[in-house]
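Engineer: The file below is run-v1.tsv, TSV, C-alpha atoms:
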```
chain	number	residue	atom	x	y	z
I	1	MET	CA	11.46	-4.72	32.85
I	2	GLY	CA	15.12	-4.17	31.94
I	3	CYS	CA	16.50	-2.47	28.83
I	4	TYR	CA	17.41	-5.80	27.23
I	5	ASP	CA	13.95	-7.26	27.81
I	6	CYS	CA	12.35	-4.13	26.45
I	7	CYS	CA	14.47	-4.29	23.28
I	8	MET	CA	13.68	-7.95	22.78
I	9	ARG	CA	10.00	-7.22	23.26
I	10	CYS	CA	10.12	-4.49	20.63
I	11	LEU	CA	12.15	-6.62	18.18
I	12	GLY	CA	9.78	-9.52	18.72
I	13	GLY	CA	6.90	-7.36	17.57
I	14	VAL	CA	8.52	-6.26	14.29
I	15	PRO	CA	6.62	-7.60	11.23
I	16	TYR	CA	9.72	-8.90	9.45
I	17	CYS	CA	7.83	-10.31	6.46
I	18	SER	CA	6.10	-6.99	5.83
I	19	LEU	CA	9.37	-5.12	6.40
I	20	VAL	CA	11.25	-7.25	3.87
I	21	ALA	CA	8.37	-6.96	1.41
I	22	THR	CA	8.37	-3.17	1.81
I	23	LEU	CA	12.10	-2.94	1.11
I	24	LEU	CA	11.68	-5.19	-1.92
I	25	CYS	CA	8.73	-3.16	-3.15
I	26	PHE	CA	10.54	0.17	-2.78
I	27	SER	CA	13.66	-1.09	-4.57
I	28	GLY	CA	11.66	-2.86	-7.29
I	29	ILE	CA	9.41	0.11	-8.01
I	30	ALA	CA	12.41	2.46	-8.00
I	31	LEU	CA	14.17	0.26	-10.58
I	32	PHE	CA	11.09	-0.26	-12.72
I	33	CYS	CA	9.88	3.33	-12.74
I	34	GLY	CA	13.25	5.08	-12.88
I	35	CYS	CA	14.91	2.84	-15.46
I	36	GLY	CA	11.68	2.32	-17.40
I	37	HIS	CA	11.08	6.05	-17.73
I	38	GLN	CA	14.59	6.74	-19.01
I	39	ALA	CA	14.55	3.68	-21.28
I	40	LEU	CA	11.38	4.94	-22.98
I	41	THR	CA	13.02	8.31	-23.59
I	42	GLU	CA	16.10	6.67	-25.10
I	43	THR	CA	13.94	4.37	-27.22
I	44	GLU	CA	12.19	7.35	-28.78
I	45	ARG	CA	15.58	8.86	-29.54
I	46	LEU	CA	16.84	5.66	-31.19
I	47	ILE	CA	13.72	5.31	-33.32
I	48	GLU	CA	13.89	8.94	-34.36
I	49	THR	CA	17.58	8.75	-35.27
I	50	TYR	CA	17.94	5.38	-37.00
I	51	PHE	CA	14.54	3.96	-37.94
I	52	ALA	CA	12.33	6.88	-39.00
I	53	ARG	CA	13.00	10.00	-41.02
I	54	ASN	CA	9.54	11.54	-40.99
I	55	LEU	CA	8.00	12.87	-37.79
I	56	GLN	CA	4.60	11.49	-38.78
I	57	ASP	CA	6.04	7.97	-38.82
I	58	TYR	CA	6.78	7.88	-35.10
I	59	ILE	CA	4.46	10.54	-33.71
I	60	THR	CA	2.05	7.84	-32.48
I	61	LEU	CA	4.90	6.04	-30.73
I	62	ALA	CA	5.97	9.31	-29.12
I	63	TYR	CA	2.46	9.82	-27.72
I	64	ILE	CA	2.37	6.24	-26.41
I	65	ILE	CA	5.74	6.68	-24.73
I	66	GLN	CA	4.57	9.90	-23.11
I	67	TYR	CA	1.43	8.16	-21.89
I	68	PHE	CA	3.42	5.30	-20.34
I	69	GLN	CA	5.70	7.79	-18.62
I	70	TYR	CA	2.69	9.41	-16.96
I	71	VAL	CA	1.52	5.94	-15.92
I	72	ILE	CA	4.94	5.34	-14.36
I	73	TYR	CA	4.55	8.50	-12.27
I	74	GLY	CA	1.21	7.22	-10.99
I	75	LEU	CA	2.56	3.74	-10.26
I	76	ALA	CA	5.47	5.11	-8.25
I	77	SER	CA	3.17	7.26	-6.10
I	78	PHE	CA	0.57	4.54	-5.60
I	79	PHE	CA	2.97	1.78	-4.60
I	80	PHE	CA	4.88	4.07	-2.27
I	81	LEU	CA	1.70	4.85	-0.35
I	82	TYR	CA	0.33	1.31	-0.51
I	83	CYS	CA	3.56	-0.23	0.80
I	84	ILE	CA	3.54	2.22	3.70
I	85	VAL	CA	-0.06	1.24	4.49
I	86	LEU	CA	0.72	-2.48	4.36
I	87	LEU	CA	3.77	-2.02	6.56
I	88	ALA	CA	1.69	-0.07	9.08
I	89	GLU	CA	-0.95	-2.82	8.98
I	90	GLY	CA	1.78	-5.38	9.63
I	91	PHE	CA	3.05	-3.45	12.64
I	92	TYR	CA	-0.47	-3.00	13.95
I	93	THR	CA	-1.12	-6.73	13.94
I	94	THR	CA	1.93	-7.63	16.02
I	95	SER	CA	1.66	-8.63	19.63
I	96	VAL	CA	3.24	-5.36	20.78
I	97	ALA	CA	0.67	-3.27	18.91
I	98	LYS	CA	-2.09	-5.48	20.20
I	99	GLN	CA	-1.01	-4.95	23.76
I	100	THR	CA	-0.86	-1.20	23.11
I	101	PHE	CA	-4.21	-0.80	21.38
I	102	GLY	CA	-6.18	-3.59	23.02
I	103	GLU	CA	-8.30	-6.27	21.38
I	104	PHE	CA	-9.35	-4.23	18.36
I	105	ARG	CA	-8.00	-6.82	15.96
I	106	SER	CA	-10.30	-9.49	17.30
I	107	THR	CA	-13.33	-7.43	16.29
I	108	MET	CA	-15.24	-7.77	13.02
I	109	CYS	CA	-13.90	-4.42	11.82
I	110	GLY	CA	-10.28	-5.53	12.23
I	111	ARG	CA	-10.85	-8.83	10.45
I	112	CYS	CA	-12.71	-7.09	7.63
I	113	LEU	CA	-9.83	-4.65	7.16
I	114	SER	CA	-7.27	-7.44	7.04
I	115	SER	CA	-9.32	-9.46	4.55
I	116	SER	CA	-9.64	-6.36	2.36
I	117	PHE	CA	-5.84	-6.04	2.25
I	118	ILE	CA	-5.57	-9.70	1.27
I	119	VAL	CA	-7.96	-9.34	-1.66
I	120	LEU	CA	-6.47	-6.05	-2.86
I	121	THR	CA	-2.89	-7.33	-2.63
I	122	TYR	CA	-3.81	-10.53	-4.46
I	123	VAL	CA	-5.46	-8.54	-7.27
I	124	LEU	CA	-2.42	-6.27	-7.52
I	125	ALA	CA	-0.12	-9.30	-7.70
I	126	VAL	CA	-2.13	-10.75	-10.60
I	127	LEU	CA	-2.17	-7.42	-12.43
I	128	TRP	CA	1.53	-6.91	-11.82
I	129	LEU	CA	2.22	-10.34	-13.26
I	130	LEU	CA	0.90	-8.93	-16.55
I	131	VAL	CA	3.16	-5.89	-16.16
I	132	PHE	CA	6.10	-8.21	-15.53
I	133	ALA	CA	5.34	-10.14	-18.72
I	134	PHE	CA	4.87	-6.91	-20.69
I	135	SER	CA	8.21	-5.54	-19.47
I	136	ALA	CA	9.93	-8.56	-21.03
I	137	LEU	CA	8.91	-7.47	-24.55
I	138	PRO	CA	11.47	-4.65	-24.98
I	139	VAL	CA	14.15	-6.89	-23.48
I	140	TYR	CA	13.26	-9.52	-26.09
I	141	PHE	CA	13.46	-6.91	-28.87
I	142	PHE	CA	16.87	-5.63	-27.81
I	143	TYR	CA	18.12	-9.17	-27.26
I	144	ASN	CA	17.25	-10.08	-30.84
I	145	MET	CA	18.86	-6.87	-32.03
I	146	ASP	CA	22.01	-7.59	-30.05
I	147	ALA	CA	22.15	-11.16	-31.38
I	148	THR	CA	21.83	-9.87	-34.95
I	149	CYS	CA	24.62	-7.38	-34.37
I	150	HIS	CA	26.82	-10.14	-32.98
I	151	THR	CA	26.18	-12.19	-36.13
I	152	ILE	CA	27.14	-9.20	-38.27
I	153	ASP	CA	30.40	-8.81	-36.39
I	154	VAL	CA	31.19	-12.49	-37.01
I	155	LEU	CA	30.39	-12.24	-40.74
I	156	THR	CA	32.31	-9.05	-41.47
I	157	GLU	CA	34.31	-10.81	-44.19
I	158	THR	CA	31.20	-11.48	-46.30
I	159	PRO	CA	29.50	-8.12	-46.95
I	160	ALA	CA	26.77	-9.67	-49.13
I	161	SER	CA	25.53	-11.77	-46.23
I	162	ILE	CA	25.75	-8.88	-43.80
I	163	ASN	CA	23.38	-6.68	-45.78
I	164	GLN	CA	20.68	-9.32	-45.51
I	165	LEU	CA	20.71	-9.16	-41.71
I	166	CYS	CA	18.23	-6.55	-40.54
I	167	VAL	CA	16.13	-5.48	-37.57
I	168	ASP	CA	12.76	-4.15	-38.67
I	169	ALA	CA	11.04	-1.98	-36.07
I	170	ARG	CA	7.81	-2.25	-38.07
I	171	GLN	CA	7.56	-5.97	-37.36
I	172	TYR	CA	7.37	-5.22	-33.64
I	173	GLY	CA	4.63	-2.63	-34.06
I	174	LEU	CA	6.88	0.28	-33.16
I	175	LEU	CA	6.36	1.98	-36.51
I	176	PRO	CA	3.70	1.84	-39.23
I	177	TRP	CA	4.44	-0.31	-42.29
I	178	ASN	CA	4.87	2.74	-44.53
I	179	ALA	CA	7.64	4.17	-42.31
I	180	VAL	CA	10.94	4.87	-44.09
I	181	PRO	CA	13.39	3.25	-43.65
I	182	GLY	CA	11.75	1.40	-40.74
I	183	LYS	CA	14.67	-0.98	-40.43
I	184	ALA	CA	18.45	-1.06	-40.03
I	185	CYS	CA	20.62	-3.55	-41.89
I	186	GLY	CA	24.22	-4.61	-42.19
I	187	MET	CA	26.91	-2.26	-40.99
I	188	THR	CA	24.33	0.41	-40.23
I	189	LEU	CA	22.78	-1.91	-37.67
I	190	SER	CA	26.20	-2.80	-36.31
I	191	THR	CA	26.94	0.90	-35.86
I	192	VAL	CA	23.68	1.35	-33.98
I	193	CYS	CA	24.56	-1.48	-31.62
I	194	LYS	CA	27.89	0.13	-30.79
I	195	THR	CA	26.42	3.47	-29.79
I	196	ARG	CA	26.20	4.53	-26.17
I	197	GLU	CA	22.46	5.18	-26.51
I	198	TYR	CA	21.77	1.61	-27.57
I	199	ARG	CA	23.82	-0.02	-24.80
I	200	MET	CA	22.33	2.24	-22.16
I	201	THR	CA	18.76	1.63	-23.37
I	202	TYR	CA	19.30	-2.13	-23.38
I	203	ASP	CA	20.70	-2.05	-19.84
I	204	LEU	CA	17.86	0.17	-18.65
I	205	TYR	CA	15.23	-2.22	-19.97
I	206	ILE	CA	16.97	-5.14	-18.26
I	207	ALA	CA	17.02	-3.18	-14.99
I	208	ALA	CA	13.33	-2.27	-15.41
I	209	PHE	CA	12.49	-5.93	-16.04
I	210	ALA	CA	14.41	-6.93	-12.92
I	211	GLY	CA	12.59	-4.22	-10.97
I	212	ALA	CA	9.24	-5.58	-12.13
I	213	GLY	CA	10.28	-9.03	-10.94
I	214	ILE	CA	11.36	-7.70	-7.54
I	215	THR	CA	8.04	-5.86	-7.18
I	216	LEU	CA	6.14	-9.04	-8.05
I	217	LEU	CA	8.11	-10.91	-5.38
I	218	ALA	CA	7.26	-8.15	-2.88
I	219	LEU	CA	3.55	-8.40	-3.67
I	220	LEU	CA	3.62	-12.17	-3.24
I	221	THR	CA	5.38	-11.72	0.10
I	222	TYR	CA	2.74	-9.20	1.12
I	223	THR	CA	0.03	-11.68	0.14
I	224	VAL	CA	1.57	-14.37	2.33
I	225	SER	CA	2.09	-12.03	5.29
I	226	THR	CA	-1.40	-10.48	5.16
I	227	THR	CA	-2.98	-13.93	4.85
I	228	TYR	CA	-1.00	-15.14	7.84
I	229	ASN	CA	-1.97	-12.08	9.85
I	230	PHE	CA	-5.63	-12.57	9.02
I	231	ALA	CA	-5.47	-16.25	10.01
I	232	VAL	CA	-3.87	-15.37	13.35
I	233	LEU	CA	-6.39	-12.62	14.02
I	234	ARG	CA	-9.30	-14.82	13.02
I	235	TYR	CA	-8.46	-17.98	14.92
I	236	LEU	CA	-6.02	-16.99	17.65
I	237	GLY	CA	-6.88	-13.36	18.37
I	238	ARG	CA	-9.14	-14.22	21.29
I	239	LYS	CA	-6.30	-16.12	22.94
I	240	GLY	CA	-4.08	-13.04	22.98
I	241	ILE	CA	-1.64	-14.19	20.31
I	242	GLY	CA	-0.56	-11.46	17.91
I	243	ALA	CA	0.58	-11.82	14.33
I	244	ARG	CA	4.25	-11.45	13.53
I	245	CYS	CA	4.33	-10.97	9.77
```
Mind converting the file's structure to structure tokens?
Structural biologist:
Amino acid sequence: MGCYDCCMRCLGGVPYCSLVATLLCFSGIALFCGCGHQALTETERLIETYFARNLQDYITLAYIIQYFQYVIYGLASFFFLYCIVLLAEGFYTTSVAKQTFGEFRSTMCGRCLSSSFIVLTYVLAVLWLLVFAFSALPVYFFYNMDATCHTIDVLTETPASINQLCVDARQYGLLPWNAVPGKACGMTLSTVCKTREYRMTYDLYIAAFAGAGITLLALLTYTVSTTYNFAVLRYLGRKGIGARC
């Protein structure tokens, strides 16, 4: 076998679906965890500076933010390892791996392992769909805040109307109802929207939301590829045909 044939044989055995899904998963998790972690830190700073004067008013929010940051650490570690495992499983089910390791994948143990990955990946995709929806909430909050600030900038010639435009963090459950001031109105709100902290936090939440979407796409791709691999192993494994996803 020549060098060219050997290279084509190796490239033909690459699980491209699993490889693409792994790259998507790594990039999505990096965006979601990295930007989400920093966005939570900046959110606490914004609340502390502009929406709450007493430490007791936002101490619960601070604990919740700290808890979510620990969850982010766990998610990053788990998905890194799980993506590596799925990629290895994809390589192992290719025709090249099958020729190397024999007919293991046509056994009951191999089919059981592949079906387990299908179920686990499907469950993770459903759970991550909830995470994706949840990550849209802070984007919605900052979008409303940005729209209110834009309205204030348009109505700068009528101060009476400006003072009636507010963003109340208590309405979104970020602060208790007895928090003071709990909201920002008029030019104070406009000043908040022009700060570097606000713009960076808004952008970070958008990036985290995009990262959650990319991760969801990766999990769906994994679901398709593992299902295809299982189908090939189940119905065509005895004929010597390897999976290529």
Engineer: One decimal, Å: what's the distance from atom CA of Leu31 of chain I over to atom CA of Gly211 of chain I, could you say?
Structural biologist: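 Those two atoms sit 4.8 Å apart.
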Engineer: My list of candidates is I:Ala52, I:Ala179, I:Ala30, I:Leu120. Which is closest to Thr227 of chain I when distances are computed with all atoms listed in the file?
Structural biologist: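 Comparing I:Ala52, I:Ala179, I:Ala30, I:Leu120 against Thr227 of chain I, the winner is I:Leu120.
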Engineer: Any idea what the distance is between atom CA of Phe117 of chain I and atom CA of Ser18 of chain I?
Structural biologist: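 If I compute the distance from atom CA of Phe117 of chain I to atom CA of Ser18 of chain I, I get 12.5 Å.
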Engineer: Name all residues at most 12 Å from segment 55-61 of chain I (count all atoms listed in the file; drop same-chain ones fewer than 4 positions away) and give them as a PyMOL selection string.
Structural biologist: chain I and resi 40-41+43-51+65-68+169-170+172-182
Engineer: Using all atoms listed in the file, which residues sit within 10 Å of Ile84 of chain I once same-chain residues fewer than 3 positions away are excluded, as a list in words?
Structural biologist: Ser18, Leu19, Thr22, Phe26, Phe79, Phe80, Leu81, Leu87, Ala88, Glu89 and Gly90 of chain I
Engineer: Generate the output file for the selected residues, C-alpha atoms, as an mmCIF file, in the frame of the given file.
Structural biologist:
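Okay, this is what ended up in result04.cif:
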```
data_model
loop_
_atom_site.group_PDB
_atom_site.id
_atom_site.type_symbol
_atom_site.label_atom_id
_atom_site.label_comp_id
_atom_site.auth_asym_id
_atom_site.auth_seq_id
_atom_site.Cartn_x
_atom_site.Cartn_y
_atom_site.Cartn_z
ATOM 1 C CA SER I 18 6.100 -6.990 5.830
ATOM 2 C CA LEU I 19 9.370 -5.120 6.400
ATOM 3 C CA THR I 22 8.370 -3.170 1.810
ATOM 4 C CA PHE I 26 10.540 0.170 -2.780
ATOM 5 C CA PHE I 79 2.970 1.780 -4.600
ATOM 6 C CA PHE I 80 4.880 4.070 -2.270
ATOM 7 C CA LEU I 81 1.700 4.850 -0.350
ATOM 8 C CA LEU I 87 3.770 -2.020 6.560
ATOM 9 C CA ALA I 88 1.690 -0.070 9.080
ATOM 10 C CA GLU I 89 -0.950 -2.820 8.980
ATOM 11 C CA GLY I 90 1.780 -5.380 9.630
#
```
Engineer: Give me, please, the distance in Å between atom CA of Ser114 of chain I and atom CA of Phe230 of chain I, quoted to one decimal.
Structural biologist: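 According to the coordinates, atom CA of Ser114 of chain I and atom CA of Phe230 of chain I are separated by 5.7 Å.
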Engineer: Compare I:Val167, I:Leu216, I:Val85, I:Leu204 by their minimum atom-to-atom distance to Thr188 of chain I, counting only C-alpha atoms, and give me the closest one.
Structural biologist: I:Val167
Engineer: In terms of the shortest atom-to-atom distance over all atoms listed in the file, which of I:Leu220, I:Met187, I:Ala39, I:Val192 is closest to Val154 of chain I?
Structural biologist: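 Among the listed residues, the smallest separation from Val154 of chain I belongs to I:Met187.
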Engineer: Mind rebuilding segment 54-80 of chain I with N, CA, C and O atoms and writing that out as a compact mmCIF listing (two decimals), in the coordinates of the input?
Structural biologist:
```txt
# COMPACT_ATOMS: atom_id res chain seq x y z
N ASN I 54 10.68 10.62 -41.00
CA ASN I 54 9.54 11.54 -40.99
C ASN I 54 8.91 11.55 -39.60
O ASN I 54 8.69 10.51 -38.99
N LEU I 55 8.62 12.73 -39.11
CA LEU I 55 8.00 12.87 -37.79
C LEU I 55 6.67 12.14 -37.70
O LEU I 55 6.34 11.54 -36.67
N GLN I 56 5.91 12.14 -38.78
CA GLN I 56 4.60 11.49 -38.78
C GLN I 56 4.70 9.97 -38.62
O GLN I 56 3.73 9.32 -38.24
N ASP I 57 5.88 9.41 -38.90
CA ASP I 57 6.04 7.97 -38.82
C ASP I 57 6.12 7.48 -37.36
O ASP I 57 5.74 6.34 -37.07
N TYR I 58 6.63 8.32 -36.49
CA TYR I 58 6.78 7.88 -35.10
C TYR I 58 6.05 8.78 -34.11
O TYR I 58 6.26 8.67 -32.90
N ILE I 59 5.17 9.65 -34.61
CA ILE I 59 4.46 10.54 -33.71
C ILE I 59 3.53 9.75 -32.78
O ILE I 59 3.37 10.08 -31.61
N THR I 60 2.92 8.68 -33.31
CA THR I 60 2.05 7.84 -32.48
C THR I 60 2.86 7.16 -31.37
O THR I 60 2.43 7.10 -30.21
N LEU I 61 4.03 6.65 -31.73
CA LEU I 61 4.90 6.04 -30.73
C LEU I 61 5.32 7.04 -29.67
O LEU I 61 5.39 6.71 -28.48
N ALA I 62 5.58 8.28 -30.08
CA ALA I 62 5.97 9.31 -29.12
C ALA I 62 4.85 9.59 -28.12
O ALA I 62 5.09 9.75 -26.92
N TYR I 63 3.60 9.60 -28.61
CA TYR I 63 2.46 9.82 -27.72
C TYR I 63 2.30 8.64 -26.75
O TYR I 63 1.98 8.83 -25.57
N ILE I 64 2.49 7.42 -27.26
CA ILE I 64 2.37 6.24 -26.41
C ILE I 64 3.44 6.24 -25.32
O ILE I 64 3.17 5.93 -24.15
N ILE I 65 4.66 6.61 -25.70
CA ILE I 65 5.74 6.68 -24.73
C ILE I 65 5.44 7.72 -23.66
O ILE I 65 5.64 7.49 -22.46
N GLN I 66 4.93 8.87 -24.07
CA GLN I 66 4.57 9.90 -23.11
C GLN I 66 3.47 9.43 -22.16
O GLN I 66 3.51 9.69 -20.96
N TYR I 67 2.51 8.70 -22.71
CA TYR I 67 1.43 8.16 -21.89
C TYR I 67 1.97 7.18 -20.85
O TYR I 67 1.60 7.24 -19.67
N PHE I 68 2.85 6.27 -21.27
CA PHE I 68 3.42 5.30 -20.34
C PHE I 68 4.26 5.99 -19.27
O PHE I 68 4.33 5.51 -18.13
N GLN I 69 4.91 7.07 -19.62
CA GLN I 69 5.70 7.79 -18.62
C GLN I 69 4.81 8.41 -17.55
O GLN I 69 5.16 8.41 -16.36
N TYR I 70 3.65 8.91 -17.94
CA TYR I 70 2.69 9.41 -16.96
C TYR I 70 2.17 8.26 -16.08
O TYR I 70 1.95 8.43 -14.87
N VAL I 71 1.95 7.10 -16.69
CA VAL I 71 1.52 5.94 -15.92
C VAL I 71 2.57 5.55 -14.90
O VAL I 71 2.27 5.18 -13.75
N ILE I 72 3.84 5.66 -15.28
CA ILE I 72 4.94 5.34 -14.36
C ILE I 72 4.92 6.27 -13.16
O ILE I 72 5.14 5.85 -12.01
N TYR I 73 4.64 7.56 -13.39
CA TYR I 73 4.55 8.50 -12.27
C TYR I 73 3.45 8.05 -11.29
O TYR I 73 3.65 8.07 -10.06
N GLY I 74 2.31 7.67 -11.83
CA GLY I 74 1.21 7.22 -10.99
C GLY I 74 1.53 5.94 -10.24
O GLY I 74 1.20 5.81 -9.05
N LEU I 75 2.19 4.99 -10.91
CA LEU I 75 2.56 3.74 -10.26
C LEU I 75 3.52 3.97 -9.09
O LEU I 75 3.37 3.36 -8.02
N ALA I 76 4.49 4.84 -9.31
CA ALA I 76 5.47 5.11 -8.25
C ALA I 76 4.77 5.69 -7.02
O ALA I 76 5.04 5.27 -5.88
N SER I 77 3.87 6.64 -7.23
CA SER I 77 3.17 7.26 -6.10
C SER I 77 2.25 6.26 -5.40
O SER I 77 2.23 6.18 -4.16
N PHE I 78 1.51 5.48 -6.19
CA PHE I 78 0.57 4.54 -5.60
C PHE I 78 1.27 3.48 -4.78
O PHE I 78 0.88 3.21 -3.63
N PHE I 79 2.31 2.86 -5.32
CA PHE I 79 2.97 1.78 -4.60
C PHE I 79 3.72 2.30 -3.38
O PHE I 79 3.84 1.58 -2.38
N PHE I 80 4.23 3.51 -3.45
CA PHE I 80 4.88 4.07 -2.27
C PHE I 80 3.88 4.17 -1.12
O PHE I 80 4.16 3.74 0.01
```
